[in-house]
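Text of the file run06.cif, holding mmCIF, C-alpha atoms, pLDDT in the B column; chains and numbers go by the auth columns:
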data_work
loop_
_atom_site.group_PDB
_atom_site.id
_atom_site.type_symbol
_atom_site.label_atom_id
_atom_site.label_comp_id
_atom_site.label_asym_id
_atom_site.label_seq_id
_atom_site.Cartn_x
_atom_site.Cartn_y
_atom_site.Cartn_z
_atom_site.B_iso_or_equiv
_atom_site.auth_seq_id
_atom_site.auth_asym_id
ATOM 1 C CA MET A 1 36.874 77.274 11.063 46.00 11 A
ATOM 2 C CA ASN A 2 39.723 75.868 13.136 56.00 12 A
ATOM 3 C CA SER A 3 41.954 73.018 12.047 58.00 13 A
ATOM 4 C CA LYS A 4 40.429 70.545 14.503 56.00 14 A
ATOM 5 C CA LEU A 5 36.956 71.012 13.014 52.00 15 A
ATOM 6 C CA ASP A 6 38.397 70.787 9.512 58.00 16 A
ATOM 7 C CA THR A 7 40.088 67.495 10.401 57.00 17 A
ATOM 8 C CA THR A 8 36.841 66.098 11.826 57.00 18 A
ATOM 9 C CA LEU A 9 34.884 67.009 8.702 57.00 19 A
ATOM 10 C CA ASP A 10 37.616 65.530 6.499 60.00 20 A
ATOM 11 C CA ILE A 11 37.189 62.235 8.353 58.00 21 A
ATOM 12 C CA VAL A 12 33.392 62.210 8.454 60.00 22 A
ATOM 13 C CA GLY A 13 32.702 64.005 5.174 64.00 23 A
ATOM 14 C CA CYS A 14 30.110 66.623 4.312 63.00 24 A
ATOM 15 C CA THR A 15 27.829 64.860 1.829 67.00 25 A
ATOM 16 C CA THR A 16 24.421 63.580 2.883 66.00 26 A
ATOM 17 C CA LYS A 17 25.534 59.996 2.332 66.00 27 A
ATOM 18 C CA GLU A 18 28.694 60.398 4.410 68.00 28 A
ATOM 19 C CA ILE A 19 26.892 62.129 7.283 66.00 29 A
ATOM 20 C CA ASN A 20 24.084 59.558 7.278 66.00 30 A
ATOM 21 C CA SER A 21 26.691 56.803 7.340 69.00 31 A
ATOM 22 C CA PHE A 22 28.243 58.330 10.457 67.00 32 A
ATOM 23 C CA PHE A 23 24.912 58.315 12.297 65.00 33 A
ATOM 24 C CA GLU A 24 24.067 54.787 11.119 65.00 34 A
ATOM 25 C CA ASN A 25 27.333 53.595 12.676 68.00 35 A
ATOM 26 C CA TRP A 26 26.902 55.764 15.778 65.00 36 A
ATOM 27 C CA HIS A 27 27.514 52.863 18.185 66.00 37 A
ATOM 28 C CA GLU A 28 30.948 52.187 16.650 71.00 38 A
ATOM 29 C CA HIS A 29 32.369 55.591 17.634 70.00 39 A
ATOM 30 C CA THR A 30 33.735 56.720 20.978 72.00 40 A
ATOM 31 C CA GLU A 31 31.921 59.343 23.047 70.00 41 A
ATOM 32 C CA LEU A 32 34.694 61.861 22.258 71.00 42 A
ATOM 33 C CA THR A 33 34.420 61.250 18.503 74.00 43 A
ATOM 34 C CA ARG A 34 30.646 61.651 18.641 67.00 44 A
ATOM 35 C CA LEU A 35 30.899 64.940 20.550 70.00 45 A
ATOM 36 C CA GLU A 36 33.582 66.418 18.287 72.00 46 A
ATOM 37 C CA THR A 37 31.704 65.382 15.149 71.00 47 A
ATOM 38 C CA ILE A 38 28.408 66.882 16.322 69.00 48 A
ATOM 39 C CA ARG A 39 30.193 70.140 17.149 70.00 49 A
ATOM 40 C CA ALA A 40 31.923 70.256 13.758 71.00 50 A
ATOM 41 C CA LEU A 41 28.705 69.552 11.866 67.00 51 A
ATOM 42 C CA ARG A 42 26.794 72.171 13.851 66.00 52 A
ATOM 43 C CA VAL A 43 29.446 74.863 13.256 67.00 53 A
ATOM 44 C CA SER A 44 29.713 74.062 9.552 66.00 54 A
ATOM 45 C CA GLY A 45 25.937 74.043 9.113 62.00 55 A
ATOM 46 C CA HIS A 46 25.880 70.427 7.952 56.00 56 A
ATOM 47 C CA LEU A 47 24.114 68.934 10.961 55.00 57 A
ATOM 48 C CA SER A 48 20.663 69.295 9.382 53.00 58 A
ATOM 49 C CA THR A 49 21.919 67.279 6.401 46.00 59 A
ATOM 50 C CA LYS A 50 21.250 64.148 8.414 41.00 60 A
ATOM 51 C CA TYR A 51 17.544 64.777 8.042 38.00 61 A
ATOM 52 C CA LYS A 52 17.575 65.303 4.291 40.00 62 A
ATOM 53 C CA SER A 53 16.830 62.434 1.977 42.00 63 A
ATOM 54 C CA GLU A 54 19.016 61.903 -1.040 44.00 64 A
ATOM 55 C CA CYS A 55 17.500 61.493 -4.479 40.00 65 A
ATOM 56 C CA CYS A 56 17.649 57.924 -5.609 48.00 66 A
ATOM 57 C CA GLU A 57 16.443 55.910 -8.596 56.00 67 A
ATOM 58 C CA ASP A 58 13.010 54.339 -8.433 72.00 68 A
ATOM 59 C CA PHE A 59 13.028 50.665 -7.545 79.00 69 A
ATOM 60 C CA LYS A 60 12.371 48.293 -10.449 80.00 70 A
ATOM 61 C CA CYS A 61 10.542 45.074 -9.565 82.00 71 A
ATOM 62 C CA PRO A 62 12.875 42.172 -10.460 75.00 72 A
ATOM 63 C CA LEU A 63 9.930 39.782 -10.932 77.00 73 A
ATOM 64 C CA PHE A 64 7.603 41.759 -13.186 78.00 74 A
ATOM 65 C CA GLY A 65 9.841 44.560 -14.463 78.00 75 A
ATOM 66 C CA PHE A 66 7.678 47.562 -13.648 80.00 76 A
ATOM 67 C CA THR A 67 9.005 50.562 -11.715 83.00 77 A
ATOM 68 C CA LEU A 68 7.682 51.061 -8.199 81.00 78 A
ATOM 69 C CA ILE A 69 7.054 54.783 -7.928 80.00 79 A
ATOM 70 C CA LYS A 70 4.627 54.229 -5.050 82.00 80 A
ATOM 71 C CA PRO A 71 3.954 51.289 -2.696 85.00 81 A
ATOM 72 C CA CYS A 72 3.273 48.070 -4.587 85.00 82 A
ATOM 73 C CA GLY A 73 -0.367 47.028 -4.828 81.00 83 A
ATOM 74 C CA LEU A 74 0.252 43.522 -6.182 80.00 84 A
ATOM 75 C CA MET A 75 -0.745 41.645 -3.036 77.00 85 A
ATOM 76 C CA THR A 76 -0.379 38.165 -4.570 78.00 86 A
ATOM 77 C CA CYS A 77 3.426 38.414 -4.785 82.00 87 A
ATOM 78 C CA GLN A 78 5.303 36.378 -2.169 82.00 88 A
ATOM 79 C CA TYR A 79 7.513 39.396 -1.411 85.00 89 A
ATOM 80 C CA HIS A 80 4.645 41.796 -0.770 86.00 90 A
ATOM 81 C CA THR A 81 4.506 43.060 2.822 85.00 91 A
ATOM 82 C CA PRO A 82 0.915 43.550 3.964 82.00 92 A
ATOM 83 C CA VAL A 83 0.640 46.266 6.604 83.00 93 A
ATOM 84 C CA THR A 84 -0.845 45.868 10.071 80.00 94 A
ATOM 85 C CA VAL A 85 -2.371 48.433 12.406 79.00 95 A
ATOM 86 C CA ASN A 86 1.069 49.064 13.928 82.00 96 A
ATOM 87 C CA PRO A 87 2.044 52.599 12.817 83.00 97 A
ATOM 88 C CA VAL A 88 5.779 51.820 12.978 80.00 98 A
ATOM 89 C CA GLN A 89 5.360 48.805 10.729 84.00 99 A
ATOM 90 C CA VAL A 90 3.117 50.750 8.349 84.00 100 A
ATOM 91 C CA GLN A 91 5.747 53.492 7.995 84.00 101 A
ATOM 92 C CA LEU A 92 8.608 51.036 7.418 84.00 102 A
ATOM 93 C CA ALA A 93 6.675 48.963 4.887 85.00 103 A
ATOM 94 C CA HIS A 94 5.590 52.125 3.066 83.00 104 A
ATOM 95 C CA GLY A 95 9.209 53.312 2.948 84.00 105 A
ATOM 96 C CA CYS A 96 10.177 50.028 1.268 86.00 106 A
ATOM 97 C CA LYS A 97 7.232 50.381 -1.158 87.00 107 A
ATOM 98 C CA ASN A 98 5.694 47.287 0.441 86.00 108 A
ATOM 99 C CA CYS A 99 8.367 45.082 -1.153 88.00 109 A
ATOM 100 C CA LEU A 100 10.707 42.847 0.843 86.00 110 A
ATOM 101 C CA ILE A 101 13.223 42.763 -2.012 85.00 111 A
ATOM 102 C CA ASN A 102 13.366 46.552 -1.993 85.00 112 A
ATOM 103 C CA CYS A 103 13.711 46.549 1.810 86.00 113 A
ATOM 104 C CA LEU A 104 16.754 44.312 1.453 82.00 114 A
ATOM 105 C CA ASP A 105 18.110 46.334 -1.458 81.00 115 A
ATOM 106 C CA ILE A 106 18.127 49.636 0.438 80.00 116 A
ATOM 107 C CA SER A 107 19.295 48.178 3.757 79.00 117 A
ATOM 108 C CA LYS A 108 22.871 48.480 4.936 69.00 118 A
ATOM 109 C CA ASN A 109 25.153 45.863 3.323 68.00 119 A
ATOM 110 C CA ASN A 110 22.051 44.175 1.841 71.00 120 A
ATOM 111 C CA ARG A 111 21.343 42.603 5.208 78.00 121 A
ATOM 112 C CA MET A 112 18.592 43.083 7.745 82.00 122 A
ATOM 113 C CA SER A 113 18.676 42.134 11.394 83.00 123 A
ATOM 114 C CA ALA A 114 15.930 40.021 12.957 86.00 124 A
ATOM 115 C CA HIS A 115 14.658 43.171 14.660 86.00 125 A
ATOM 116 C CA GLU A 116 14.432 45.061 11.342 84.00 126 A
ATOM 117 C CA VAL A 117 12.638 42.173 9.639 85.00 127 A
ATOM 118 C CA ALA A 118 10.195 41.932 12.546 86.00 128 A
ATOM 119 C CA ASN A 119 9.429 45.652 12.339 84.00 129 A
ATOM 120 C CA ILE A 120 8.872 45.553 8.585 83.00 130 A
ATOM 121 C CA LEU A 121 6.650 42.455 8.672 84.00 131 A
ATOM 122 C CA GLY A 122 4.835 43.521 11.820 84.00 132 A
ATOM 123 C CA ILE A 123 5.648 40.315 13.697 85.00 133 A
ATOM 124 C CA SER A 124 7.688 39.462 16.786 89.00 134 A
ATOM 125 C CA VAL A 125 11.459 38.935 16.769 89.00 135 A
ATOM 126 C CA SER A 126 10.928 35.420 18.138 91.00 136 A
ATOM 127 C CA GLU A 127 8.825 34.552 15.069 90.00 137 A
ATOM 128 C CA VAL A 128 11.638 35.722 12.796 88.00 138 A
ATOM 129 C CA ASN A 129 14.243 33.751 14.761 89.00 139 A
ATOM 130 C CA ASN A 130 12.057 30.630 14.737 88.00 140 A
ATOM 131 C CA SER A 131 11.534 30.882 10.977 88.00 141 A
ATOM 132 C CA ASN A 132 15.273 31.317 10.468 86.00 142 A
ATOM 133 C CA ALA A 133 16.061 28.335 12.700 87.00 143 A
ATOM 134 C CA ASN A 134 13.519 26.177 10.851 88.00 144 A
ATOM 135 C CA ALA A 135 14.994 27.134 7.479 87.00 145 A
ATOM 136 C CA VAL A 136 18.553 26.336 8.606 88.00 146 A
ATOM 137 C CA SER A 137 17.351 23.049 10.108 91.00 147 A
ATOM 138 C CA LYS A 138 15.626 22.096 6.855 91.00 148 A
ATOM 139 C CA VAL A 139 18.814 22.706 4.845 91.00 149 A
ATOM 140 C CA ARG A 140 20.910 20.721 7.309 92.00 150 A
ATOM 141 C CA ARG A 141 18.475 17.797 7.302 93.00 151 A
ATOM 142 C CA GLN A 142 18.639 17.709 3.510 92.00 152 A
ATOM 143 C CA LYS A 143 22.440 17.555 3.707 92.00 153 A
ATOM 144 C CA ILE A 144 22.179 14.699 6.223 92.00 154 A
ATOM 145 C CA ARG A 145 19.760 12.874 3.912 90.00 155 A
ATOM 146 C CA GLU A 146 22.214 13.191 1.019 88.00 156 A
ATOM 147 C CA ASN A 147 25.123 11.914 3.120 88.00 157 A
ATOM 148 C CA LEU A 148 23.106 8.910 4.319 88.00 158 A
ATOM 149 C CA GLU A 149 23.331 7.616 0.754 83.00 159 A
ATOM 150 C CA LYS A 150 27.112 7.328 1.117 80.00 160 A
ATOM 151 C CA PHE A 151 26.766 4.714 3.861 78.00 161 A
ATOM 152 C CA GLN A 152 25.408 1.203 3.378 75.00 162 A
ATOM 153 C CA LEU A 153 22.991 1.614 6.262 81.00 163 A
ATOM 154 C CA PRO A 154 19.796 -0.437 6.588 84.00 164 A
ATOM 155 C CA ARG A 155 16.896 1.520 5.089 87.00 165 A
ATOM 156 C CA PHE A 156 13.193 0.910 5.602 91.00 166 A
ATOM 157 C CA LYS A 157 9.727 2.404 5.311 92.00 167 A
ATOM 158 C CA TYR A 158 6.931 2.266 7.841 95.00 168 A
ATOM 159 C CA LEU A 159 3.879 0.199 6.941 94.00 169 A
ATOM 160 C CA THR A 160 0.673 2.207 7.010 95.00 170 A
ATOM 161 C CA GLY A 161 -2.026 0.720 9.201 95.00 171 A
ATOM 162 C CA HIS A 162 0.487 -1.157 11.364 96.00 172 A
ATOM 163 C CA CYS A 163 1.949 -0.403 14.796 96.00 173 A
ATOM 164 C CA VAL A 164 5.124 1.617 14.304 97.00 174 A
ATOM 165 C CA PHE A 165 6.924 -0.531 16.880 96.00 175 A
ATOM 166 C CA CYS A 166 5.724 -4.160 16.746 96.00 176 A
ATOM 167 C CA GLU A 167 4.098 -3.885 13.291 95.00 177 A
ATOM 168 C CA GLN A 168 0.820 -5.415 14.429 95.00 178 A
ATOM 169 C CA TYR A 169 -2.108 -4.620 12.108 96.00 179 A
ATOM 170 C CA ILE A 170 -4.176 -1.747 13.566 96.00 180 A
ATOM 171 C CA GLN A 171 -5.779 -0.188 10.477 95.00 181 A
ATOM 172 C CA ASP A 172 -9.322 -0.806 11.786 93.00 182 A
ATOM 173 C CA GLU A 173 -8.533 0.764 15.162 92.00 183 A
ATOM 174 C CA LEU A 174 -6.976 3.804 13.470 94.00 184 A
ATOM 175 C CA GLU A 175 -9.968 4.321 11.181 92.00 185 A
ATOM 176 C CA MET A 176 -12.407 4.068 14.096 91.00 186 A
ATOM 177 C CA ASN A 177 -10.174 6.337 16.197 89.00 187 A
ATOM 178 C CA LEU A 178 -10.625 4.122 19.239 88.00 188 A
ATOM 179 C CA TRP A 179 -7.513 5.420 20.984 91.00 189 A
ATOM 180 C CA PRO A 180 -6.640 9.001 19.917 93.00 190 A
ATOM 181 C CA GLU A 181 -3.647 8.945 22.298 94.00 191 A
ATOM 182 C CA LEU A 182 -2.158 6.105 20.238 96.00 192 A
ATOM 183 C CA THR A 183 -2.570 7.817 16.872 95.00 193 A
ATOM 184 C CA ILE A 184 0.291 9.621 15.140 94.00 194 A
ATOM 185 C CA GLN A 185 -1.379 10.336 11.828 89.00 195 A
ATOM 186 C CA SER A 186 -5.076 9.643 11.372 87.00 196 A
ATOM 187 C CA THR A 187 -5.818 6.334 9.547 90.00 197 A
ATOM 188 C CA LYS A 188 -2.115 5.827 8.750 94.00 198 A
ATOM 189 C CA TYR A 189 0.284 5.543 11.689 96.00 199 A
ATOM 190 C CA GLY A 190 0.026 4.796 15.385 96.00 200 A
ATOM 191 C CA TRP A 191 0.731 2.310 18.167 97.00 201 A
ATOM 192 C CA CYS A 192 -1.175 -0.792 19.209 95.00 202 A
ATOM 193 C CA SER A 193 -0.540 -0.189 22.925 95.00 203 A
ATOM 194 C CA PHE A 194 0.939 2.290 25.372 96.00 204 A
ATOM 195 C CA GLU A 195 3.867 -0.102 25.879 96.00 205 A
ATOM 196 C CA CYS A 196 4.736 0.184 22.187 97.00 206 A
ATOM 197 C CA LYS A 197 4.346 3.965 22.367 96.00 207 A
ATOM 198 C CA GLU A 198 6.891 4.064 25.196 96.00 208 A
ATOM 199 C CA LYS A 199 9.339 1.887 23.271 96.00 209 A
ATOM 200 C CA LYS A 200 8.975 3.879 20.034 97.00 210 A
ATOM 201 C CA PRO A 201 8.189 7.514 20.982 96.00 211 A
ATOM 202 C CA LYS A 202 6.876 9.923 18.392 96.00 212 A
ATOM 203 C CA TRP A 203 10.191 11.792 17.961 96.00 213 A
ATOM 204 C CA GLN A 204 11.924 8.560 16.928 97.00 214 A
ATOM 205 C CA PHE A 205 9.158 7.767 14.453 97.00 215 A
ATOM 206 C CA ALA A 206 9.338 11.279 12.977 95.00 216 A
ATOM 207 C CA ILE A 207 13.091 10.974 12.294 96.00 217 A
ATOM 208 C CA GLU A 208 12.846 7.454 10.897 96.00 218 A
ATOM 209 C CA LYS A 209 9.847 8.326 8.720 95.00 219 A
ATOM 210 C CA GLU A 210 11.690 11.328 7.231 94.00 220 A
ATOM 211 C CA PHE A 211 15.080 9.679 6.680 95.00 221 A
ATOM 212 C CA GLY A 212 14.062 6.057 6.079 94.00 222 A
ATOM 213 C CA CYS A 213 16.617 4.649 8.507 94.00 223 A
ATOM 214 C CA ASN A 214 17.148 4.016 12.212 94.00 224 A
ATOM 215 C CA TYR A 215 16.955 7.311 14.124 96.00 225 A
ATOM 216 C CA LEU A 216 20.396 6.736 15.680 95.00 226 A
ATOM 217 C CA ASP A 217 22.002 6.423 12.228 94.00 227 A
ATOM 218 C CA ALA A 218 20.458 9.729 11.130 95.00 228 A
ATOM 219 C CA LEU A 219 21.649 11.446 14.313 96.00 229 A
ATOM 220 C CA THR A 220 25.121 9.991 13.910 95.00 230 A
ATOM 221 C CA VAL A 221 25.484 11.230 10.327 93.00 231 A
ATOM 222 C CA GLY A 222 24.368 14.646 11.610 93.00 232 A
ATOM 223 C CA TYR A 223 27.122 14.496 14.212 93.00 233 A
ATOM 224 C CA LEU A 224 29.573 13.375 11.532 91.00 234 A
ATOM 225 C CA LEU A 225 28.724 16.459 9.459 91.00 235 A
ATOM 226 C CA TYR A 226 28.492 19.132 12.149 90.00 236 A
ATOM 227 C CA ASN A 227 30.749 17.671 14.877 87.00 237 A
ATOM 228 C CA ASN A 228 28.467 18.942 17.633 90.00 238 A
ATOM 229 C CA ILE A 229 26.031 16.623 19.403 91.00 239 A
ATOM 230 C CA GLU A 230 24.207 19.515 21.112 90.00 240 A
ATOM 231 C CA SER A 231 23.319 21.086 17.727 90.00 241 A
ATOM 232 C CA LEU A 232 21.393 17.936 16.762 94.00 242 A
ATOM 233 C CA GLY A 233 18.524 18.983 19.014 92.00 243 A
ATOM 234 C CA GLY A 234 17.788 22.024 16.862 90.00 244 A
ATOM 235 C CA ILE A 235 18.207 20.078 13.621 93.00 245 A
ATOM 236 C CA PHE A 236 15.903 17.194 14.562 94.00 246 A
ATOM 237 C CA PHE A 237 13.579 19.111 16.931 91.00 247 A
ATOM 238 C CA ILE A 238 14.287 17.027 20.024 93.00 248 A
ATOM 239 C CA ASN A 239 14.953 18.406 23.504 92.00 249 A
ATOM 240 C CA LYS A 240 18.280 18.651 25.324 91.00 250 A
ATOM 241 C CA GLU A 241 17.436 15.941 27.860 94.00 251 A
ATOM 242 C CA ILE A 242 16.964 13.361 25.107 95.00 252 A
ATOM 243 C CA ILE A 243 20.166 14.435 23.334 94.00 253 A
ATOM 244 C CA SER A 244 22.052 14.144 26.612 93.00 254 A
ATOM 245 C CA LYS A 245 20.845 10.547 27.058 94.00 255 A
ATOM 246 C CA LEU A 246 21.797 9.677 23.473 94.00 256 A
ATOM 247 C CA LYS A 247 25.367 10.994 23.612 94.00 257 A
ATOM 248 C CA TYR A 248 27.021 7.655 24.347 94.00 258 A
ATOM 249 C CA GLY A 249 25.016 5.822 21.672 94.00 259 A
ATOM 250 C CA ILE A 250 25.757 8.484 19.042 94.00 260 A
ATOM 251 C CA GLN A 251 29.491 8.493 19.803 92.00 261 A
ATOM 252 C CA LYS A 252 29.637 4.680 19.739 91.00 262 A
ATOM 253 C CA ASN A 253 27.763 4.540 16.440 90.00 263 A
ATOM 254 C CA PHE A 254 29.982 7.349 15.107 89.00 264 A
ATOM 255 C CA THR A 255 33.101 5.249 15.773 88.00 265 A
ATOM 256 C CA PHE A 256 31.467 2.281 14.020 83.00 266 A
ATOM 257 C CA LEU A 257 30.588 4.308 10.924 80.00 267 A
ATOM 258 C CA LYS A 258 34.033 5.902 10.711 78.00 268 A
ATOM 259 C CA THR A 259 35.742 2.522 11.061 78.00 269 A
ATOM 260 C CA THR A 260 33.450 0.595 8.735 73.00 270 A
ATOM 261 C CA PHE A 261 32.724 3.102 5.960 64.00 271 A
ATOM 262 C CA ALA A 262 35.723 5.490 5.997 58.00 272 A
#
What is this file in C-alpha cells?
Amino acid sequence: MNSKLDTTLDIVGCTTKEINSFFENWHEHTELTRLETIRALRVSGHLSTKYKSECCEDFKCPLFGFTLIKPCGLMTCQYHTPVTVNPVQVQLAHGCKNCLINCLDISKNNRMSAHEVANILGISVSEVNNSNANAVSKVRRQKIRENLEKFQLPRFKYLTGHCVFCEQYIQDELEMNLWPELTIQSTKYGWCSFECKEKKPKWQFAIEKEFGCNYLDALTVGYLLYNNIESLGGIFFINKEIISKLKYGIQKNFTFLKTTFA
C-alpha cells in the first residue's frame, strides 16, 4: 500500500467504531477527503466494516433495573415508544429496544435532532418542535413568576362568576350558557358584554389569571429577564402584531420598574 493510503487510514482509523464515525460525520469532510478515504478503505479491505455492527453491552433499564435483551414490552412506562405502521419508525424504535432512554444513550453525543426524535416516535418534526417550544416557554414563564415576587407589584385574582373586565355578576348567565361567545371557562369566567370582551381580550385574561398581576407587568418582567420583546410572543402565546403594539408600553413600564425597584 502506498504512503498516501497509509496516511489516510492513520487519520480515519481501521476499527469499526472509527470507520463508522467517519461516515456519521460525512458532511463535515471535503469532497477530496471523502474520495481519498473511500479509495483507501476499499484497497485495504476495510470498506465493508461500515456495515458491521459492533458488539455492545445490553441496555439496562434505569427505572426498573432489568436488562433489555429484546424490545421492551412494558407499555405503561412513560419512556416506552409505541410503534406505528410506518416501517421506518418501527425499525428505529426496534433498534432502540422501544425505549427513549436507550435511544438517547446510543445516539451521538447523547443528543437527538428533532428529525431523529420524529422518526423514532413516528410523528412530524413540527410536533416535536412545538413540544420543545412549549416546554421552553413553560420553564421561562415559571422563571418570570418567581421574579415577579421580587417586585412590589399589585397582585389580584379574578372573581369567578363575574365579568373579567367590569366585574359585574354573571354567574347565572354563565351557568345557562346564554352567550357562548362571551364565555372563557364554562360556569367560571366570561364577559358581560361584547364591549367588555373587546376591552379585556382573552389573551390578557390568560396572562393575568396565570400570573396574578396586570398583563403588562408580567410582560415587562419577561423583557427584563430575556431582553428581547419579540421573544415574549412565544413565551406568552400571543401574536407578533399584538407584541408590536405593546412595545412602547413594555419599554415605558420597564423603565419604571428599573427606576423604582432596582
key: Interatomic distance (Å, one decimal) between CA of Ile116 (chain A) and CA of Thr40 (chain A)   = 26.8 Å
The residues within 9 Å of (0.8, 9.1, 23.0), using only C-alpha atoms and the coordinates of the file, should be reported as a PDB file with C-alpha atoms, in the coordinates of the input; which are they?
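Okay, this is what ended up in point03.pdb:
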ATOM      1  CA  PRO A 190      -6.640   9.001  19.917  1.00 93.00           C
ATOM      2  CA  GLU A 191      -3.647   8.945  22.298  1.00 94.00           C
ATOM      3  CA  LEU A 192      -2.158   6.105  20.238  1.00 96.00           C
ATOM      4  CA  THR A 193      -2.570   7.817  16.872  1.00 95.00           C
ATOM      5  CA  ILE A 194       0.291   9.621  15.140  1.00 94.00           C
ATOM      6  CA  GLY A 200       0.026   4.796  15.385  1.00 96.00           C
ATOM      7  CA  TRP A 201       0.731   2.310  18.167  1.00 97.00           C
ATOM      8  CA  PHE A 204       0.939   2.290  25.372  1.00 96.00           C
ATOM      9  CA  LYS A 207       4.346   3.965  22.367  1.00 96.00           C
ATOM     10  CA  GLU A 208       6.891   4.064  25.196  1.00 96.00           C
ATOM     11  CA  PRO A 211       8.189   7.514  20.982  1.00 96.00           C
ATOM     12  CA  LYS A 212       6.876   9.923  18.392  1.00 96.00           C
TER      13      LYS A 212
END
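Rounded to one decimal, CA of Thr270 (chain A) and CA of Val174 (chain A) lie 28.9 Å from each other.
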task = Tell me which of A:Tyr89, A:Phe266, A:Phe215, A:Tyr258 sits closest to Leu169 (chain A), counting only C-alpha atoms.
result =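 The answer is A:Phe215, which sits nearest to Leu169 (chain A).
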task = Can you work out the spacing between CA of Leu114 (chain A) and CA of Ile79 (chain A) in Å, to one decimal?
result =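 So the two atoms, CA of Leu114 (chain A) and CA of Ile79 (chain A), lie 17.1 Å apart.
For the structure in this document, the set picked by the PyMOL selection byres ((chain A and resi 82) around 6) is Pro81, Gly83, Leu84, Lys107 and Asn108 of chain A.
When all atoms listed in the file are used to measure the gap to Leu131 (chain A), the shortest distance among A:Ser254, A:Thr91, A:Gln162, A:Thr86 belongs to A:Thr91.
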query = Pick from A:Ile245, A:Phe175, A:Cys202, A:Val98: nearest to Gln214 (chain A), with all atoms listed in the file counted?
reply =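 Nearest to Gln214 (chain A): A:Phe175.
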key: Proximity to His90 (chain A) - best of A:Asn112, A:Ser203, A:Asn224, A:Ser141, only C-alpha atoms   =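 Smallest separation from His90 (chain A) among the options: A:Asn112.
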key: Residues matched by the PyMOL selection byres ((chain A and resi 180) around 12) as a ChimeraX atom specification   = /A:169-179,181-189,192-193,196-203
inquiry  = Taking only C-alpha atoms into account, name the residue in A:His39, A:Arg49, A:Lys257, A:His104 that is nearest to Leu229 (chain A).
reply    =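 The shortest atom-to-atom distance to Leu229 (chain A) comes from A:Lys257.
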inquiry  = Please enumerate the residues selected by the PyMOL selection byres ((chain A and resi 167) around 6) when evaluated against the supplied file, formatted as an MDAnalysis selection string.
reply    = chainID A and resid 166 168 222
message = Counting only C-alpha atoms, which residue out of A:Val138, A:Leu234, A:Ile133, A:Ala145 sits closest to Thr94 (chain A)?
response = A:Ile133
task = Name the residues, using the chain letters and numbers of the file, that sit within 12 Å of (19.6, 23.3, 8.1) when counting all atoms listed in the file, and give them as a VMD selection string.
result = chain A and resid 141 to 155 232 235 to 236 241 to 247
task = Write out as a ChimeraX atom specification each polymer residue whose atoms come within 8 Å of Gly132 (chain A), counting all atoms listed in the file; drop sequence neighbours fewer than 4 positions from it.
result = /A:93-94,96,99,128
request  = Skip Arg165 (chain A) itself and residues of its chain fewer than 6 positions away, then list as a list in words all residues within 10 Å of it, counting only C-alpha atoms.
outcome  =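 Skipping anything fewer than 6 positions along the chain leaves Leu158, Glu159, Glu218, Phe221, Gly222, Cys223 and Asn224 of chain A.
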First collect every listed atom of region 186-197 of chain A; then fit an axis-aligned box around them, widen it by 4 Å on each side, and give centre and edge lengths in Å to one decimal, as lines of an AutoDock Vina configuration file.
center_x = -6.1
center_y = 7.2
center_z = 15.9
size_x = 20.7
size_y = 14.3
size_z = 20.8
